[in-house]
file start-v7.csv (CSV, C-alpha atoms)
chain,number,residue,atom,x,y,z
U,224,MET,CA,0.0,0.0,0.0
U,225,ALA,CA,2.9,2.4,0.8
U,226,VAL,CA,4.4,1.7,-2.6
U,227,LEU,CA,1.1,2.5,-4.3
U,228,ALA,CA,0.8,5.7,-2.4
U,229,LEU,CA,4.3,6.7,-3.2
U,230,THR,CA,3.8,5.8,-6.9
U,231,LEU,CA,0.6,7.9,-7.0
U,232,GLY,CA,2.3,10.8,-5.2
U,233,VAL,CA,5.2,10.8,-7.6
U,234,GLY,CA,2.9,10.5,-10.6
U,235,LEU,CA,0.7,13.3,-9.5
U,236,ALA,CA,3.6,15.6,-8.6
U,237,GLY,CA,4.5,15.7,-12.2
U,238,CYS,CA,1.0,16.5,-13.4
U,239,SER,CA,0.5,20.2,-12.9
U,240,GLY,CA,-1.6,20.7,-16.0
U,241,THR,CA,0.6,23.6,-17.2
U,242,ASP,CA,2.4,23.8,-20.4
U,243,ASN,CA,6.1,23.4,-19.7
U,244,LYS,CA,7.3,24.5,-23.1
U,245,GLU,CA,10.1,27.0,-22.9
U,246,THR,CA,9.6,30.2,-24.8
U,247,ALA,CA,12.2,31.0,-27.5
U,248,SER,CA,13.5,33.9,-25.4
U,249,ALA,CA,13.9,31.7,-22.3
U,250,GLN,CA,15.5,28.9,-24.3
U,251,SER,CA,17.9,31.3,-25.9
U,252,SER,CA,18.8,32.9,-22.6
U,253,ARG,CA,19.4,29.5,-21.0
U,254,LEU,CA,21.4,28.0,-23.9
U,255,LEU,CA,23.6,31.1,-24.2
U,256,ASN,CA,24.4,31.3,-20.5
U,257,PHE,CA,27.9,29.9,-20.6
U,258,THR,CA,31.5,30.9,-20.7
U,259,ALA,CA,34.3,28.8,-22.1
U,260,LYS,CA,37.9,29.1,-23.3
U,261,THR,CA,38.9,28.8,-26.9
U,262,ILE,CA,41.6,26.3,-27.9
U,263,ASP,CA,43.9,29.3,-27.9
U,264,GLY,CA,43.0,30.3,-24.3
U,265,ALA,CA,40.8,33.3,-25.1
U,266,ASP,CA,37.5,33.9,-23.2
U,267,PHE,CA,34.3,33.2,-25.0
U,268,ALA,CA,30.8,34.1,-23.8
U,269,GLY,CA,27.8,32.3,-25.2
U,270,SER,CA,25.8,35.5,-24.7
U,271,SER,CA,27.9,37.0,-27.6
U,272,LEU,CA,25.7,34.8,-29.9
U,273,ALA,CA,22.4,36.5,-28.8
U,274,GLY,CA,20.5,37.9,-31.8
U,275,ARG,CA,22.7,36.1,-34.3
U,276,LYS,CA,22.3,33.1,-36.5
U,277,ALA,CA,24.8,30.5,-35.3
U,278,VAL,CA,25.9,26.9,-35.7
U,279,LEU,CA,27.5,25.1,-32.8
U,280,TRP,CA,29.4,22.0,-33.9
U,281,PHE,CA,30.1,19.4,-31.2
U,282,TRP,CA,33.1,17.3,-32.0
U,283,ALA,CA,36.1,15.3,-30.7
U,284,PRO,CA,39.5,15.2,-32.4
U,285,TRP,CA,39.7,11.4,-32.5
U,286,CYS,CA,36.2,10.9,-34.0
U,287,PRO,CA,36.3,9.6,-37.6
U,288,THR,CA,32.9,11.1,-38.5
U,289,CYS,CA,34.1,14.5,-37.2
U,290,GLN,CA,37.2,14.2,-39.3
U,291,LYS,CA,35.0,13.7,-42.3
U,292,GLU,CA,32.8,16.6,-41.4
U,293,GLY,CA,35.6,19.1,-40.7
U,294,PRO,CA,36.0,20.2,-44.3
U,295,ASP,CA,32.3,20.5,-44.8
U,296,LEU,CA,32.0,22.8,-41.7
U,297,GLN,CA,34.8,25.0,-43.0
U,298,LYS,CA,33.1,25.2,-46.5
U,299,ALA,CA,29.8,26.1,-44.8
U,300,ALA,CA,31.4,28.8,-42.6
U,301,THR,CA,33.0,30.4,-45.7
U,302,ALA,CA,29.8,30.2,-47.7
U,303,HIS,CA,27.7,31.7,-45.0
U,304,PRO,CA,29.5,34.7,-43.5
U,305,GLU,CA,26.1,35.9,-42.0
U,306,VAL,CA,26.2,32.9,-39.7
U,307,THR,CA,28.5,32.5,-36.7
U,308,PHE,CA,30.1,29.1,-36.5
U,309,VAL,CA,31.6,27.8,-33.3
U,310,GLY,CA,33.2,24.4,-32.8
U,311,VAL,CA,32.8,22.9,-29.3
U,312,ALA,CA,35.5,20.3,-28.8
U,313,ALA,CA,35.5,17.8,-25.9
U,314,GLN,CA,36.6,14.3,-24.9
U,315,ASP,CA,40.3,15.0,-25.5
U,316,GLN,CA,43.1,17.4,-24.6
U,317,VAL,CA,43.7,20.9,-26.0
U,318,PRO,CA,46.8,20.0,-28.0
U,319,ALA,CA,44.8,17.3,-29.9
U,320,MET,CA,42.0,19.8,-30.5
U,321,ARG,CA,44.6,22.3,-31.9
U,322,ASP,CA,46.1,19.6,-34.2
U,323,PHE,CA,42.6,18.8,-35.5
U,324,VAL,CA,41.8,22.4,-36.3
U,325,SER,CA,45.2,22.9,-38.0
U,326,LYS,CA,44.9,19.7,-40.0
U,327,TYR,CA,41.5,20.6,-41.4
U,328,GLY,CA,42.1,24.3,-41.8
U,329,LEU,CA,39.3,25.4,-39.6
U,330,THR,CA,39.2,29.2,-39.3
U,331,PHE,CA,36.1,29.7,-37.1
U,332,THR,CA,36.1,29.9,-33.3
U,333,GLN,CA,36.8,26.6,-31.5
U,334,LEU,CA,36.0,26.1,-27.8
U,335,ALA,CA,38.0,23.7,-25.6
U,336,ASP,CA,35.0,22.2,-23.7
U,337,THR,CA,37.3,19.9,-21.7
U,338,ASP,CA,34.8,19.6,-18.8
U,339,ALA,CA,31.9,19.1,-21.3
U,340,LYS,CA,29.8,21.8,-19.6
U,341,VAL,CA,28.7,23.3,-23.0
U,342,TRP,CA,27.9,19.8,-24.3
U,343,ALA,CA,25.8,19.2,-21.1
U,344,LEU,CA,24.0,22.5,-21.6
U,345,TYR,CA,22.8,21.3,-25.0
U,346,ASP,CA,22.2,17.8,-23.8
U,347,VAL,CA,24.9,16.4,-26.2
U,348,THR,CA,26.1,13.0,-25.2
U,349,HIS,CA,28.0,12.0,-28.3
U,350,GLN,CA,29.6,13.5,-31.3
U,351,PRO,CA,29.1,14.8,-33.9
U,352,ALA,CA,26.1,17.0,-33.0
U,353,PHE,CA,24.9,20.4,-34.0
U,354,ALA,CA,22.9,23.3,-32.5
U,355,PHE,CA,21.3,25.6,-35.0
U,356,LEU,CA,20.5,28.9,-33.3
U,357,GLY,CA,18.2,31.4,-35.0
U,358,SER,CA,18.5,35.1,-34.5
U,359,GLU,CA,15.2,35.3,-32.7
U,360,GLY,CA,16.3,32.7,-30.1
U,361,LYS,CA,15.0,29.4,-31.4
U,362,ALA,CA,17.4,26.5,-31.2
U,363,GLU,CA,17.4,23.1,-32.8
U,364,VAL,CA,19.8,20.4,-31.7
U,365,VAL,CA,20.7,17.6,-34.1
U,366,LYS,CA,22.4,14.7,-32.5
U,367,SER,CA,23.7,12.9,-35.6
U,368,PRO,CA,26.2,13.5,-38.5
U,369,LEU,CA,25.1,15.8,-41.3
U,370,SER,CA,26.3,15.7,-44.9
U,371,GLY,CA,27.5,19.0,-46.5
U,372,GLN,CA,24.1,19.3,-48.2
U,373,GLU,CA,22.1,18.6,-45.1
U,374,LEU,CA,24.2,21.2,-43.2
U,375,ASP,CA,23.5,23.7,-46.0
U,376,ASN,CA,19.8,22.9,-45.8
U,377,LYS,CA,19.7,23.4,-42.0
U,378,ILE,CA,21.6,26.7,-42.3
U,379,GLY,CA,19.1,27.9,-45.0
U,380,GLN,CA,16.3,27.3,-42.5
U,381,LEU,CA,17.8,29.6,-39.8
U,382,HIS,CA,15.8,32.8,-39.2
call {"tool": "encode", "arguments": {"input": "start-v7.csv", "output": "structure tokens"}}
result
Amino acid sequence: MAVLALTLGVGLAGCSGTDNKETASAQSSRLLNFTAKTIDGADFAGSSLAGRKAVLWFWAPWCPTCQKEGPDLQKAATAHPEVTFVGVAAQDQVPAMRDFVSKYGLTFTQLADTDAKVWALYDVTHQPAFAFLGSEGKAEVVKSPLSGQELDNKIGQLH
């Protein structure tokens, strides 16, 4: 009987009848509420992306899929100067991140998310993944690889 009461109590506690959907403004504020270091040691504030179209690319230096995507990300960043691209590297050490960036000629900002706090903020648990941020605060997280064409299509949908 105690188990039943506990089950009912837990079940009812989650049923408030209110809509828990986050507004675009609240979502944007929450998702941009971070600071990190770049792979070169500079400070980066997520809030600097507010009001901008942006693509966050979550990657790891040893990931074969990320290695394949690197050139596509650089092409997209070059082709879409109106969009801010930010790489969010984790699961390795900064020297390996720098080597990856150098090898693939990536010219856009790269964060060294060595404690995976930015990954956690976006609920990213594996790489590659992407967060597409619209200038009005909407965000879409894609937790899978994207081809160059799929990446371009997603960028084209940003508002």
call {"tool": "residues_around", "arguments": {"input": "start-v7.csv", "residues": "region 318-334 of chain U", "least_positions_apart": "4", "cutoff": "7 Å", "atoms": "all atoms listed in the file", "output": "PyMOL selection string"}}
result
chain U and resi 259-262+284+293-294+297+308-312
call {"tool": "closest_residue", "arguments": {"input": "start-v7.csv", "among": "U:Asp346, U:Gln290, U:Val278, U:Ala265", "to": "Pro304 (chain U)", "atoms": "all atoms listed in the file"}}
result
U:Val278
call {"tool": "closest_residue", "arguments": {"input": "start-v7.csv", "among": "U:Ala335, U:Glu373, U:Ala277, U:Asn256", "to": "Phe355 (chain U)", "atoms": "only C-alpha atoms"}}
result
U:Ala277
call {"tool": "atom_distance", "arguments": {"input": "start-v7.csv", "atom1": "CA of Val341 (chain U)", "atom2": "CA of Phe257 (chain U)"}}
result
7.1 Å
call {"tool": "atom_distance", "arguments": {"input": "start-v7.csv", "atom1": "CA of Ala300 (chain U)", "atom2": "CA of Thr337 (chain U)"}}
result
23.5 Å
call {"tool": "closest_residue", "arguments": {"input": "start-v7.csv", "among": "U:Ser358, U:Thr301, U:Glu363, U:Ala313", "to": "Ala343 (chain U)", "atoms": "all atoms listed in the file"}}
result
U:Ala313
call {"tool": "residues_around", "arguments": {"input": "start-v7.csv", "residues": "Thr288 (chain U)", "least_positions_apart": "2", "cutoff": "12 Å", "atoms": "only C-alpha atoms", "output": "VMD selection string"}}
result
chain U and resid 281 to 286 290 to 295 349 to 352 367 to 370
call {"tool": "closest_residue", "arguments": {"input": "start-v7.csv", "among": "U:Gly357, U:Gly269, U:Gly379, U:Gly264", "to": "Ser252 (chain U)", "atoms": "all atoms listed in the file"}}
result
U:Gly269
call {"tool": "atom_distance", "arguments": {"input": "start-v7.csv", "atom1": "CA of Arg275 (chain U)", "atom2": "CA of Val317 (chain U)"}}
result
27.2 Å
call {"tool": "closest_residue", "arguments": {"input": "start-v7.csv", "among": "U:His382, U:Lys298, U:Lys340, U:His303", "to": "Glu359 (chain U)", "atoms": "only C-alpha atoms"}}
result
U:His382
call {"tool": "closest_residue", "arguments": {"input": "start-v7.csv", "among": "U:Leu296, U:Leu254, U:Lys361, U:Gln380", "to": "Trp280 (chain U)", "atoms": "all atoms listed in the file"}}
result
U:Leu296
